[in-house]
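What follows is a single structure, written as structure tokens, with notes after it.
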Amino acid sequence: MRTYLIIVVFSIISRFSFAQELYINSEPASLIPKGTKVVRLHHHSIFLDGTNIMGSIGNAFVMIPSISYGLSKKIMLSGAFQFSNKPYEQDMMPNFGFSGVKLYSKQRILTTDKEKYHTRLSTFLKYSYHENKFMKDNLDLELQDTGFELGIIGTQLINKLALSVTSAVTRVSNIDEKITQGSSVNWQTINLNTFKNSISAGYLLFPRKYKSYKQTNFNIYLEFLTNTILTKDFPNRYDKFSSTLAPGIQFILLSRSRLDFSYKIRTGVMPEEFLVKLTYIIY
Amino acid sequence: MKKILFTISMFLILNIGYSQSFYSNLKAVGLTCAMCSYSTQKSLEKLDFIESITPDLEATSFKLEFKEDAFVDFDLIQEKVEDAGFFVGSIEIIFNDNIIAENDKHNLINGNLFHFFTDEKIETNVFTIVDKKFIRKSEYKIISEKTSHTCYDTGVHNSSCCSKHDNLKSNKVFHLKSSL
């Protein structure tokens, strides 16, 4: 019902504006141009207050520099490092340091092109390795968990409406589970399989008349992301279903740099998050 | 005599300043973001036979002007648009002068060979590329049934298919239909 409502809202807004698919919290089905490099710097602030995540002593800050390369018109590769603090009591002090790597590849598998009607389909494979888990009761391969993700992205354009849908299966492999045998308590690391879905839409608000590459573009976005745990037995501190609503704004400067801001609102007691993303294209 | 000499010299001077004999309007499709046009332009800039690119961002089209001495390879233009992740909707070729186009006949213009299709003999300067890769399959089928020239299928000029031409910059031949 909620998803349906969001689709309706998106389609109403779309009648008044131009489609934009430079999504902030998900990847579009389109690829970066062949031979170009895209450099990015993300900064995430996760608002921890000791009550939403037990034991936290301050906000988590995550910095992610990344580079993407258009290997061909059908294949794109990305790599990222992650640096973060350790906002927990047992870490004694919030040292800022290396905390993970990510590798990503995206392959375009289908493009149909008719006037005012385009479909794009891509598949992607992601590997994440992370050392710090900020949101202990949440699963998030982007920021804090380790594992693989395999997915498909579809972007559909009908007139000015561009909707992007992503579906993926993940295998998260850094989950600690408490095993109690009699009086002894042991921790073991287990795998969890999840099913992720997201729907994204974006619209160009300004300029109303697009005449020059020098004009700053202002775009607004709305994204809705869900995660469902598929594994039958999983630690009960996790919710089987969780979702995130992420509104965002974006400035495009000189047609080759992007400045994105997004606010993630997660279900339940999960902390909220503020994201700033800087992008520059090297031709 | 003086008048004739003056006319001839004026004609020569005017011809020297005549830097190109045609330009193109490229309509790109599938562009859904503010950075897309710039990416397409950057990709097209890699082609050395293009002299200048003037974008119309609202229409996602580009006016392409070409270097006088170069062969204009429209296949490469299409390849560059696709490298950027988009598609060629259509390519119009606008000649500086009107051309009397006869159906299924060639014209050598500035060393570039063009093959014309028209329903009737017409005089105009605006044409659209109708080669296999630039139009829908159904449209291609209709046109190909009306011509016996194999160059429409192969895109290459050869003696068995077409009459001999001198001063060709390339064996490639592009097929044009009047935009009227």
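FYI, nothing fancy with the structure tokens labels: chains A, B, ... in order, residues from 1 per chain, ligands from 1 as they appear.
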Got a sec to pull out which chain B residues are within 8 Å of chain A, counting only C-alpha atoms, and send them as a CSV table (one decimal) with N, CA and C atoms, in the first residue's frame?
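Output saved as iface.csv:
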```csv
chain,number,residue,atom,x,y,z
B,29,VAL,N,18.6,10.8,-28.2
B,29,VAL,CA,17.5,10.4,-27.3
B,29,VAL,C,18.0,9.5,-26.2
B,30,GLY,N,17.1,9.5,-25.1
B,30,GLY,CA,17.5,8.7,-23.9
B,30,GLY,C,18.2,9.5,-22.9
B,32,THR,N,18.4,11.7,-19.9
B,32,THR,CA,17.4,11.9,-18.8
B,32,THR,C,18.0,12.7,-17.7
B,33,CYS,N,19.2,13.2,-17.9
B,33,CYS,CA,19.8,13.9,-16.8
B,33,CYS,C,20.5,15.2,-17.3
B,34,ALA,N,20.8,16.1,-16.3
B,34,ALA,CA,21.4,17.3,-16.7
B,34,ALA,C,22.8,17.2,-17.2
B,35,MET,N,23.5,16.1,-16.8
B,35,MET,CA,24.9,15.9,-17.2
B,35,MET,C,25.0,15.1,-18.6
B,38,TYR,N,26.2,17.0,-21.8
B,38,TYR,CA,27.6,17.4,-21.7
B,38,TYR,C,28.4,16.2,-22.0
B,39,SER,N,28.0,15.0,-21.4
B,39,SER,CA,28.7,13.8,-21.7
B,39,SER,C,28.7,13.4,-23.1
B,42,LYS,N,31.1,15.8,-24.9
B,42,LYS,CA,32.5,15.4,-24.7
B,42,LYS,C,32.9,14.2,-25.5
B,43,SER,N,32.0,13.2,-25.6
B,43,SER,CA,32.3,12.0,-26.4
B,43,SER,C,32.4,12.4,-27.9
B,56,ASP,N,21.7,22.2,-28.3
B,56,ASP,CA,20.4,22.8,-27.9
B,56,ASP,C,19.9,21.9,-26.8
B,57,LEU,N,20.2,22.4,-25.5
B,57,LEU,CA,19.9,21.5,-24.4
B,57,LEU,C,18.5,21.1,-24.2
B,58,GLU,N,17.6,22.1,-24.5
B,58,GLU,CA,16.2,21.8,-24.3
B,58,GLU,C,15.7,20.7,-25.2
B,82,GLU,N,26.6,6.5,-28.5
B,82,GLU,CA,26.3,5.3,-27.8
B,82,GLU,C,27.3,5.0,-26.7
B,83,ASP,N,28.6,5.4,-26.9
B,83,ASP,CA,29.6,5.3,-25.9
B,83,ASP,C,29.2,6.1,-24.7
B,84,ALA,N,28.5,7.2,-24.9
B,84,ALA,CA,28.1,8.1,-23.8
B,84,ALA,C,26.9,7.5,-23.1
B,85,GLY,N,26.3,6.5,-23.7
B,85,GLY,CA,25.2,5.8,-23.1
B,85,GLY,C,23.8,6.2,-23.7
B,87,PHE,N,21.4,7.4,-27.5
B,87,PHE,CA,21.1,6.9,-28.9
B,87,PHE,C,20.9,8.1,-29.8
B,89,GLY,N,18.6,9.7,-32.3
B,89,GLY,CA,17.2,9.7,-32.7
B,89,GLY,C,17.2,9.9,-34.2
```
9 Å contact set for Tyr23 in chain B, only C-alpha atoms, chain neighbours under 2 positions out, as a PyMOL selection string: chain B and resi 20-21+25+63-66+92-96
If you keep C-alpha atoms, can you produce a file of those selected residues as a PDB file, in the first residue's frame?
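Saved to again-v3.pdb:
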```
ATOM      1  CA  GLN B  20      31.968  23.673 -45.598  1.00  0.00           C
ATOM      2  CA  SER B  21      29.336  22.307 -47.838  1.00  0.00           C
ATOM      3  CA  ASN B  25      21.613  18.363 -36.750  1.00  0.00           C
ATOM      4  CA  LYS B  63      24.483  21.200 -34.496  1.00  0.00           C
ATOM      5  CA  LEU B  64      27.646  19.602 -35.882  1.00  0.00           C
ATOM      6  CA  GLU B  65      29.931  21.501 -38.239  1.00  0.00           C
ATOM      7  CA  PHE B  66      32.666  19.605 -40.017  1.00  0.00           C
ATOM      8  CA  GLU B  92      19.709  15.630 -40.490  1.00  0.00           C
ATOM      9  CA  ILE B  93      22.150  16.839 -43.105  1.00  0.00           C
ATOM     10  CA  ILE B  94      21.708  20.406 -44.238  1.00  0.00           C
ATOM     11  CA  PHE B  95      23.564  21.365 -47.406  1.00  0.00           C
ATOM     12  CA  ASN B  96      24.614  24.935 -48.026  1.00  0.00           C
TER      13      ASN B  96
END
```
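Residues surrounding range 144-149 of chain A within 8 Å are A:Phe124, A:Leu125, A:Lys126, A:Tyr127, A:Ser128, A:Tyr129, A:His130, A:Glu131, A:Asn132, A:Lys133, A:Phe134, A:Met135, A:Leu139, A:Asp140, A:Leu141, A:Glu142, A:Gly151, A:Ala168, A:Val169, A:Thr170, A:Arg171, A:Val172, A:Ser173, A:Asn174 [only C-alpha atoms; sequence separation below 2 positions excluded].
Our summary of the geometry notes that CA of His43 in chain A is positioned 22.7 Å from CA of Gly55 in chain A.
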Please extract the residues of range 25-91 of chain A with a backbone DSSP assignment of strand (DSSP E or B) and present them as a PyMOL selection string. chain A and resi 37-46+56+60-70+75-84+88
Near His115 in chain B, counting only C-alpha atoms, which residues have an atom at most 7 Å away, once you skip same-chain residues fewer than 2 positions from it, shown as a PyMOL selection string? chain B and resi 104-107+113+117+173-176
Polymer residues at most 7 Å from Glu273 in chain A, only C-alpha atoms, same-chain spacing of 5 or more positions, as a PyMOL selection string: chain A and resi 44-47+263-265
Written file, previous selection with C-alpha atoms, as an mmCIF file, in the first residue's frame:
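Done, and the output landed in out-v1.cif:
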```
data_model
loop_
_atom_site.group_PDB
_atom_site.id
_atom_site.type_symbol
_atom_site.label_atom_id
_atom_site.label_comp_id
_atom_site.auth_asym_id
_atom_site.auth_seq_id
_atom_site.Cartn_x
_atom_site.Cartn_y
_atom_site.Cartn_z
ATOM 1 C CA HIS A 44 27.579 10.215 6.174
ATOM 2 C CA SER A 45 26.530 11.362 9.637
ATOM 3 C CA ILE A 46 24.586 8.716 11.539
ATOM 4 C CA PHE A 47 22.754 10.217 14.486
ATOM 5 C CA TYR A 263 18.285 12.539 4.688
ATOM 6 C CA LYS A 264 17.539 8.898 5.486
ATOM 7 C CA ILE A 265 14.586 8.128 7.717
#
```
Atomic distance CA of Thr226 in chain A - CA of Ser164 in chain A, expressed in Å with one decimal: 14.1 Å
Run DSSP on the backbone and give me the residues of range 13-155 of chain B it puts in helix (DSSP H, G or I), as a PyMOL selection string. chain B and resi 13-16+36-44+74-83+132-134+137-145+151-154
Can you write just those residues out, N, CA and C atoms, as a compact mmCIF listing (two decimals), in the first residue's frame?
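Output file part31.txt follows:
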```txt
# COMPACT_ATOMS: atom_id res chain seq x y z
N ILE B 13 36.95 34.32 -54.79
CA ILE B 13 37.07 34.81 -53.41
C ILE B 13 35.96 34.21 -52.54
N LEU B 14 34.74 34.26 -53.07
CA LEU B 14 33.61 33.74 -52.31
C LEU B 14 33.77 32.25 -52.02
N ASN B 15 34.35 31.54 -53.00
CA ASN B 15 34.53 30.11 -52.81
C ASN B 15 35.57 29.76 -51.75
N ILE B 16 36.59 30.63 -51.60
CA ILE B 16 37.62 30.40 -50.60
C ILE B 16 37.01 30.49 -49.19
N CYS B 36 23.82 14.60 -19.01
CA CYS B 36 23.86 13.72 -20.19
C CYS B 36 24.32 14.44 -21.45
N SER B 37 23.80 15.63 -21.68
CA SER B 37 24.15 16.36 -22.90
C SER B 37 25.64 16.68 -22.92
N TYR B 38 26.15 17.05 -21.76
CA TYR B 38 27.58 17.38 -21.68
C TYR B 38 28.44 16.15 -21.96
N SER B 39 28.02 15.01 -21.42
CA SER B 39 28.74 13.75 -21.66
C SER B 39 28.72 13.41 -23.15
N THR B 40 27.58 13.62 -23.77
CA THR B 40 27.46 13.32 -25.20
C THR B 40 28.37 14.25 -26.00
N GLN B 41 28.36 15.53 -25.63
CA GLN B 41 29.22 16.50 -26.32
C GLN B 41 30.69 16.13 -26.16
N LYS B 42 31.08 15.76 -24.93
CA LYS B 42 32.49 15.40 -24.66
C LYS B 42 32.89 14.18 -25.48
N SER B 43 31.98 13.23 -25.65
CA SER B 43 32.26 12.04 -26.42
C SER B 43 32.40 12.39 -27.91
N LEU B 44 31.54 13.27 -28.40
CA LEU B 44 31.60 13.69 -29.81
C LEU B 44 32.86 14.50 -30.11
N PHE B 74 29.44 9.18 -40.32
CA PHE B 74 28.27 9.25 -39.43
C PHE B 74 28.17 8.00 -38.54
N ASP B 75 28.78 6.90 -38.97
CA ASP B 75 28.81 5.69 -38.11
C ASP B 75 29.57 5.98 -36.82
N LEU B 76 30.67 6.74 -36.95
CA LEU B 76 31.47 7.08 -35.77
C LEU B 76 30.71 8.04 -34.86
N ILE B 77 29.93 8.93 -35.47
CA ILE B 77 29.11 9.86 -34.68
C ILE B 77 28.13 9.05 -33.83
N GLN B 78 27.50 8.07 -34.48
CA GLN B 78 26.56 7.22 -33.74
C GLN B 78 27.28 6.45 -32.63
N GLU B 79 28.47 5.93 -32.95
CA GLU B 79 29.24 5.17 -31.95
C GLU B 79 29.56 6.03 -30.74
N LYS B 80 29.93 7.28 -30.96
CA LYS B 80 30.29 8.17 -29.84
C LYS B 80 29.08 8.50 -28.97
N VAL B 81 27.93 8.69 -29.60
CA VAL B 81 26.71 8.96 -28.83
C VAL B 81 26.39 7.74 -27.96
N GLU B 82 26.57 6.54 -28.54
CA GLU B 82 26.26 5.32 -27.79
C GLU B 82 27.29 5.05 -26.70
N ASP B 83 28.55 5.43 -26.95
CA ASP B 83 29.58 5.31 -25.90
C ASP B 83 29.19 6.13 -24.66
N LYS B 132 20.69 1.72 -42.38
CA LYS B 132 20.16 0.64 -41.55
C LYS B 132 20.21 0.92 -40.05
N LYS B 133 21.38 1.38 -39.59
CA LYS B 133 21.56 1.55 -38.14
C LYS B 133 20.87 2.81 -37.59
N PHE B 134 20.38 3.67 -38.49
CA PHE B 134 19.84 4.95 -38.03
C PHE B 134 18.31 4.99 -37.99
N LYS B 137 13.78 -0.94 -38.08
CA LYS B 137 13.84 -2.07 -39.01
C LYS B 137 12.73 -2.01 -40.06
N SER B 138 11.53 -1.64 -39.61
CA SER B 138 10.39 -1.62 -40.52
C SER B 138 10.59 -0.57 -41.62
N GLU B 139 11.14 0.59 -41.23
CA GLU B 139 11.40 1.65 -42.23
C GLU B 139 12.49 1.21 -43.19
N TYR B 140 13.52 0.55 -42.63
CA TYR B 140 14.63 0.06 -43.46
C TYR B 140 14.11 -0.92 -44.51
N LYS B 141 13.20 -1.78 -44.08
CA LYS B 141 12.66 -2.80 -44.97
C LYS B 141 11.91 -2.16 -46.14
N ILE B 142 11.14 -1.14 -45.83
CA ILE B 142 10.35 -0.47 -46.87
C ILE B 142 11.29 0.13 -47.93
N ILE B 143 12.34 0.84 -47.44
CA ILE B 143 13.26 1.50 -48.38
C ILE B 143 14.06 0.46 -49.17
N SER B 144 14.52 -0.58 -48.49
CA SER B 144 15.40 -1.54 -49.16
C SER B 144 14.67 -2.31 -50.27
N GLU B 145 13.36 -2.41 -50.13
CA GLU B 145 12.60 -3.09 -51.19
C GLU B 145 12.53 -2.26 -52.46
N CYS B 151 24.66 -1.23 -51.86
CA CYS B 151 25.31 -0.31 -50.92
C CYS B 151 24.36 0.09 -49.79
N TYR B 152 23.05 -0.02 -50.01
CA TYR B 152 22.12 0.34 -48.93
C TYR B 152 22.20 -0.68 -47.80
N ASP B 153 22.53 -1.91 -48.18
CA ASP B 153 22.67 -2.95 -47.17
C ASP B 153 24.07 -2.93 -46.55
N THR B 154 25.09 -2.76 -47.39
CA THR B 154 26.48 -2.86 -46.90
C THR B 154 27.02 -1.53 -46.38
```
